There are 2 protein chains.
Amino acid sequence: MDIREVARLSGVSVATVSRALNDRPDVSRATRDRILALATELGYEPNHQARALVRRRSDLVGVIWDTGYLSTRGRHPFLQDLLVGLKTAFAASGRHLMLLSTTESGVDGYTRVARQHRLEGLILMGVDEGQPAITALLDSAVPCVALDLPLHGARAGYVTSDNRAGAAAAVAHLHGLGHRRIATICGPLDLMPAAERLAGYRYSTARLGLPHRPEYIEHGDFFLASGRESMCRLLALPQPPTAVFAAGDEMAVGAMDALAEAGMDVPGQVSVVGYDDVEAAALVRPALTTVAQDPLQLAAAAADLLAEIIAAGSEPDGPHGDGPGGADSGGADSGGADSGGADSGDEEAPVAPAPRLVPNRLVIRASTGPAPR
Amino acid sequence: MDIREVARLSGVSVATVSRALNDRPDVSRATRDRILALATELGYEPNHQARALVRRRSDLVGVIWDTGYLSTRGRHPFLQDLLVGLKTAFAASGRHLMLLSTTESGVDGYTRVARQHRLEGLILMGVDEGQPAITALLDSAVPCVALDLPLHGARAGYVTSDNRAGAAAAVAHLHGLGHRRIATICGPLDLMPAAERLAGYRYSTARLGLPHRPEYIEHGDFFLASGRESMCRLLALPQPPTAVFAAGDEMAVGAMDALAEAGMDVPGQVSVVGYDDVEAAALVRPALTTVAQDPLQLAAAAADLLAEIIAAGSEPDGPHGDGPGGADSGGADSGGADSGGADSGDEEAPVAPAPRLVPNRLVIRASTGPAPR
DNA sequence: CAGCGCACCGGAAACGTTTCCGATGCTGTC
DNA sequence: GACAGCATCGGAAACGTTTCCGGTGCGCTG
């Protein structure tokens with residue numbers, strides 16, 4: 001079922017059929033309607049490959065997450081929702097999603113398939129910074145935005161949730177309940193979210209006037225066992241905390257395990273708050289107070305940023321491209337560290353796009369309560 | 001960076017370059033090596049769209065799950081692992097994955113994009129049978145295999161885990177612990193897995209010689225609240241069960257909630273087993289005994305079946321295509337109902353492929369124990 | 001009535017590959 | 001020495017679109 005077939009059957013040229021289908025002007029209403037009717041009747045669907053070939057754009061973006069992540073960092077907390085968010089966000093601009101994986105063959109594995117398929121951009125999530133393929137990707141000139149990974153480059157940016165504010169909100173919540181001895185169990189600090197959550201804890205405790213206690217900072221790895229062990233150490237302290245903020249829900253559950261073994265009541269004697277609001281958080285008893293990210297908003301911000309980078313690249317000689325404008329994503333705030341350099345205006349070298357930050361939300365459940373006296 | 005560019009730079013024709021890159025014969029070793037070296041040096045990557053256009057195959061398969069599922073049935077228990085399984089399984093045959101969603105515009109939404117992109121096949125998961133788009137898909141002649149949805153058609157099949165055996169194993173486990181009063185909380189019976197799990201429960205209890213008690217069969221909806229309410233009703237029975245098999249982990253947690261509220265000890269007084277082994281199952285206390293599906297194996301079976309259907313379609317006039325042969329997936333067993341009709345040999349009409357069944361695994365944790373006496 | 005603009009349409013050249021078919025040179029063999 | 005056969009390569013036609021450029025008619029103005 002060609003476009004030629006449609007043209008033949010409707011007695012016009014292929015050019016006219018093409019114009020009618022893409023509803024361009026230069027087609028009379030009568031012929032357009034006739035062609036469209038015939039096309040749907042024949043069940044004609046234009047060949048995307050041919051179209052992409054001549055229009056020189058694929059309308060495809062790749063999404064990739066580290067499949068090894070599954071073994072090293074555990075499953076991604078809300079990848080599923082991120083995917084549907086990305087899907088709908090990109091559908092708005094008529095783009096489709098291709099699944100890539102870090103286990104493509106070779107170092108520059110997915111970079112190669114991205115280029116072969118002429119992907120317009122890449123969304124990467126749950127990949128570690130060390131990944132050698134990342135650097136190969138960055139200087140491959142394919143636009144990409146990462147989630148929760150500070151990716152800096154001319155055509156690369158990142159999106160993350162406001163982990164600092166989320167952690168601060170958790171600490172403030174505990175403080176508001178009367179807790180003064182608040183500890184934290186943080187994740188691997190080479191991961192940006194973990195580091196930011198610790199920073200938020202530090203900032204918040206200091207701001208609330210709590211004394212600085214290094215022994216209240218435990219280091220975990222996001223897994224349950226580490227939360228358990230950290231909690232044991234905290235309980236062995238001469239002045240054990242009355243509340244603990246874990247940088248991940250699973251570690252929070254581990255902490256609750258340790259507390260249960262020690263015969264401590266949650267939240268009667270110790271309050272616990274986690275991070276991420278995984279499904280288990282609502283299922284565990286007592287149900288876990290935790291700070292939730294908004295996957296849909298995160299996905300929307302990522303799609304928006306990527307679209308902007310793509311658009312900036314396809315402009316003839318455009319500046320840093322502030323065109324489409326985000327929907328309601330939070331303003332660019334407190335970025336990483338380096339974004340210095342020339343940002344005066346429309347220079348020759350494209351400036352790295354500012355990272356997007358979406359807010360988090362504290363969901364209060366049963367694992368936190370008033371401080372014991 | 002064309003293939004023409006490579007040809008020009010290496011002083012041969014494009015035909016020769018093409019042959020060298022796809023390592024065909026009819027190229028001397030010397031020129032082939034020269035071309036390959038030049039191509040990698042130039043960073044040339046062949047355009048997939050052009051290639052797909054002329055070879056008339058896209059090497060693309062679509063994977064689609066109901067995004068509305070998220071609201072009606074809850075999140076898919078292990079979609080993430082399914083995706084990586086599919087990714088690696090299809091990577092073996094050089095195919096890539098495209099993400100489709102049920103929220104494509106129109107009734108035949110994803111059928112249309114599938115045809116536009118010339119997808120070789122479709123994997124669908126977490127979609128309900130009622131979906132009108134399904135029927136539109138089935139007679140669109142694009143090969144598709146579903147997960148956990150009995151899809152019957154000439155070029156359609158399905159893969160599921162052996163829910164019946166899984167449920168039977170759960171009941172047998174409880175029986176082995178001495179339980180004789182075993183109830184079940186089943187899911188929505190219009191969903192095949194729920195129905196099969198109930199069938200497994202029925203079969204197993206009957207086989208073990210337990211009396212048939214209709215009041216021991218509660219109907220839930222896979223959500224927590226329904227498990228809780230069902231358990232309450234079971235506890236109100238004159239002869240409450242000492243063990244309950246819930247067809248989903250979340251309902252099992254709900255049942256445990258109800259038991260806790262009633263002051264019953266798990267597993268001291270009542271044992272609970274769930275289904276699916278969601279992440280929360282290991283995090284909940286007592287940790288949930290449950291039956292786990294193997295997402296990777298499920299994905300592999302689905303990919304295998306789809307590849308078979310595709311291959312059977314591209315054969316000149318092949319029979320029902322038993323070529324590649326499954327790796328180690330369980331034999332075709334206990335199908336749905338209708339697969340009657342002519343299946344003598346290589347008739348004109350292609351016979352529907354037999355569904356694949358992969359085994360489940362009972363993982364025993366802390367929520368089951370010896371029956372009280 | 002000449003000329004001009006406009007609405008509509010067709011031909012054909014791309015887009016970047018693969019593959020068919022033929023051409024060339026070379027090595028053997030009778 | 002002529003011819004067959006083989007290895008190696010080039011030209012060109014596809015694949016199914018979009019889009020540029022031009023060409024009709026037609027109504028309108030001067």
# chains A, B, ... in the order shown; residues from 1 in each chain; ligands from 1
>>> residues_around(residues="range 60-66 of chain B", least_positions_apart="2", cutoff="7 Å", atoms="only C-alpha atoms (C1' of nucleotides)", output="list in words")
Ser58, Gly68, Tyr69, Arg95, His96, Leu97, Met98, Leu99, Leu100, Ser101, Thr102, Leu119, Glu120, Gly121, Leu122, Ile123, Leu124, Met125, Gly126 and Val127 of chain B
>>> write_last_selection(atoms="C-alpha atoms", output="PDB file, in the first residue's frame")
ATOM      1  CA  SER B  58      12.563  -2.373  10.290  1.00  0.00           C
ATOM      2  CA  GLY B  68      -4.380   3.278  32.330  1.00  0.00           C
ATOM      3  CA  TYR B  69      -3.455   0.053  34.043  1.00  0.00           C
ATOM      4  CA  ARG B  95      16.001  -5.940  16.937  1.00  0.00           C
ATOM      5  CA  HIS B  96      15.245  -2.846  18.894  1.00  0.00           C
ATOM      6  CA  LEU B  97      12.322  -1.888  21.068  1.00  0.00           C
ATOM      7  CA  MET B  98       9.875   0.928  20.617  1.00  0.00           C
ATOM      8  CA  LEU B  99       7.641   2.085  23.398  1.00  0.00           C
ATOM      9  CA  LEU B 100       3.994   2.398  22.544  1.00  0.00           C
ATOM     10  CA  SER B 101       1.165   3.276  24.842  1.00  0.00           C
ATOM     11  CA  THR B 102      -2.498   2.617  24.933  1.00  0.00           C
ATOM     12  CA  LEU B 119       7.056  -2.725  13.380  1.00  0.00           C
ATOM     13  CA  GLU B 120       7.745  -6.378  12.902  1.00  0.00           C
ATOM     14  CA  GLY B 121       5.739  -7.317  15.939  1.00  0.00           C
ATOM     15  CA  LEU B 122       4.205  -6.201  19.173  1.00  0.00           C
ATOM     16  CA  ILE B 123       4.563  -7.288  22.757  1.00  0.00           C
ATOM     17  CA  LEU B 124       1.676  -6.270  24.903  1.00  0.00           C
ATOM     18  CA  MET B 125       1.445  -6.518  28.608  1.00  0.00           C
ATOM     19  CA  GLY B 126      -0.855  -5.372  31.283  1.00  0.00           C
ATOM     20  CA  VAL B 127      -3.679  -4.683  28.901  1.00  0.00           C
TER      21      VAL B 127
END
>>> interface_residues(of="chain C", to="chain A", cutoff="9 Å", atoms="only C-alpha atoms (C1' of nucleotides)", output="PyMOL selection string")
chain C and resi 7-10+14-16
>>> write_last_selection(atoms="C-alpha atoms (C1' of nucleotides)", output="PDB file, in the first residue's frame")
ATOM      1  C1'  DA C   7      -5.074  28.568  -6.545  1.00  0.00           C
ATOM      2  C1'  DC C   8      -4.060  24.156  -7.655  1.00  0.00           C
ATOM      3  C1'  DC C   9      -1.527  20.457  -9.381  1.00  0.00           C
ATOM      4  C1'  DG C  10       2.514  17.296 -11.709  1.00  0.00           C
ATOM      5  C1'  DA C  14      16.370  14.206  -3.662  1.00  0.00           C
ATOM      6  C1'  DC C  15      17.089  11.240   1.115  1.00  0.00           C
ATOM      7  C1'  DG C  16      20.902   7.015   2.066  1.00  0.00           C
TER       8       DG C  16
END
>>> select_by_dssp(residues="range 183-261 of chain B", states="strand (DSSP E)", output="VMD selection string")
chain B and resid 183 to 186 217 to 219 243 to 246
>>> interface_residues(of="chain D", to="chain A", cutoff="9 Å", atoms="only C-alpha atoms (C1' of nucleotides)", output="list in words")
DC15, DG16, DT17, DT18 and DT19 of chain D
>>> write_last_selection(atoms="C-alpha atoms (C1' of nucleotides)", output="PDB file, in the first residue's frame")
ATOM      1  C1'  DC D  15      12.664   1.441  -1.446  1.00  0.00           C
ATOM      2  C1'  DG D  16       8.521   5.250  -0.225  1.00  0.00           C
ATOM      3  C1'  DT D  17       8.379   9.631   0.903  1.00  0.00           C
ATOM      4  C1'  DT D  18       8.781  15.092   0.693  1.00  0.00           C
ATOM      5  C1'  DT D  19       9.563  19.252  -1.601  1.00  0.00           C
TER       6       DT D  19
END
>>> residues_around(residues="range 76-79 of chain B", least_positions_apart="5", cutoff="12 Å", atoms="only C-alpha atoms (C1' of nucleotides)", output="PyMOL selection string")
(chain A and resi 75-81+83-84+279-280) or (chain B and resi 63-71+84-86+124-127+147-148+222+248-250+275-281+292-296+298-299)
>>> write_last_selection(atoms="C-alpha atoms", output="PDB file, in the first residue's frame")
ATOM      1  CA  ARG A  75      15.784  -1.489  41.001  1.00  0.00           C
ATOM      2  CA  HIS A  76      14.898   2.035  40.020  1.00  0.00           C
ATOM      3  CA  PRO A  77      12.214   3.263  42.396  1.00  0.00           C
ATOM      4  CA  PHE A  78       9.743   4.523  39.846  1.00  0.00           C
ATOM      5  CA  LEU A  79      11.004   3.786  36.387  1.00  0.00           C
ATOM      6  CA  GLN A  80       7.619   2.665  35.252  1.00  0.00           C
ATOM      7  CA  ASP A  81       5.982   5.998  35.945  1.00  0.00           C
ATOM      8  CA  LEU A  83       8.445   5.872  31.246  1.00  0.00           C
ATOM      9  CA  VAL A  84       4.780   6.687  30.939  1.00  0.00           C
ATOM     10  CA  GLU A 279       5.419   0.981  46.910  1.00  0.00           C
ATOM     11  CA  ALA A 280       6.582  -0.841  49.976  1.00  0.00           C
TER      12      ALA A 280
ATOM     13  CA  VAL B  63       6.216  -3.002  23.407  1.00  0.00           C
ATOM     14  CA  ILE B  64       3.115  -1.591  24.879  1.00  0.00           C
ATOM     15  CA  TRP B  65       1.400  -1.648  28.186  1.00  0.00           C
ATOM     16  CA  ASP B  66      -1.745  -0.048  29.345  1.00  0.00           C
ATOM     17  CA  THR B  67      -0.881   3.212  30.982  1.00  0.00           C
ATOM     18  CA  GLY B  68      -4.380   3.278  32.330  1.00  0.00           C
ATOM     19  CA  TYR B  69      -3.455   0.053  34.043  1.00  0.00           C
ATOM     20  CA  LEU B  70      -1.690   2.278  36.492  1.00  0.00           C
ATOM     21  CA  SER B  71      -4.970   3.561  37.787  1.00  0.00           C
ATOM     22  CA  VAL B  84      15.267  -5.522  30.306  1.00  0.00           C
ATOM     23  CA  GLY B  85      14.452  -9.132  29.553  1.00  0.00           C
ATOM     24  CA  LEU B  86      12.770  -8.179  26.312  1.00  0.00           C
ATOM     25  CA  LEU B 124       1.676  -6.270  24.903  1.00  0.00           C
ATOM     26  CA  MET B 125       1.445  -6.518  28.608  1.00  0.00           C
ATOM     27  CA  GLY B 126      -0.855  -5.372  31.283  1.00  0.00           C
ATOM     28  CA  VAL B 127      -3.679  -4.683  28.901  1.00  0.00           C
ATOM     29  CA  LEU B 147       1.694 -11.464  28.481  1.00  0.00           C
ATOM     30  CA  ASP B 148      -0.953 -12.834  30.798  1.00  0.00           C
ATOM     31  CA  PHE B 222      -5.698  -7.039  43.896  1.00  0.00           C
ATOM     32  CA  GLY B 248      -1.642 -10.931  45.066  1.00  0.00           C
ATOM     33  CA  ASP B 249       0.932  -9.645  47.494  1.00  0.00           C
ATOM     34  CA  GLU B 250      -0.854  -6.429  48.183  1.00  0.00           C
ATOM     35  CA  TYR B 275       1.590 -13.934  44.809  1.00  0.00           C
ATOM     36  CA  ASP B 276       4.013 -12.032  42.590  1.00  0.00           C
ATOM     37  CA  ASP B 277       6.866 -11.364  44.990  1.00  0.00           C
ATOM     38  CA  VAL B 278       6.703  -7.621  44.657  1.00  0.00           C
ATOM     39  CA  GLU B 279       9.497  -5.733  46.314  1.00  0.00           C
ATOM     40  CA  ALA B 280       7.360  -5.034  49.329  1.00  0.00           C
ATOM     41  CA  ALA B 281       6.981  -8.746  49.980  1.00  0.00           C
ATOM     42  CA  ALA B 292       7.466 -15.445  42.298  1.00  0.00           C
ATOM     43  CA  GLN B 293       7.318 -15.240  38.571  1.00  0.00           C
ATOM     44  CA  ASP B 294      10.503 -15.089  36.577  1.00  0.00           C
ATOM     45  CA  PRO B 295      10.327 -11.916  34.506  1.00  0.00           C
ATOM     46  CA  LEU B 296      13.430 -12.647  32.500  1.00  0.00           C
ATOM     47  CA  LEU B 298       8.819 -14.696  30.745  1.00  0.00           C
ATOM     48  CA  ALA B 299      10.363 -12.057  28.538  1.00  0.00           C
TER      49      ALA B 299
END
>>> closest_residue(among="A:Leu288, A:Ala20, A:Ile309, A:Leu237", to="chain B", atoms="only C-alpha atoms")
A:Leu288
>>> atom_distance(atom1="CA of Ala37 in chain A", atom2="CA of Tyr110 in chain B")
20.4 Å
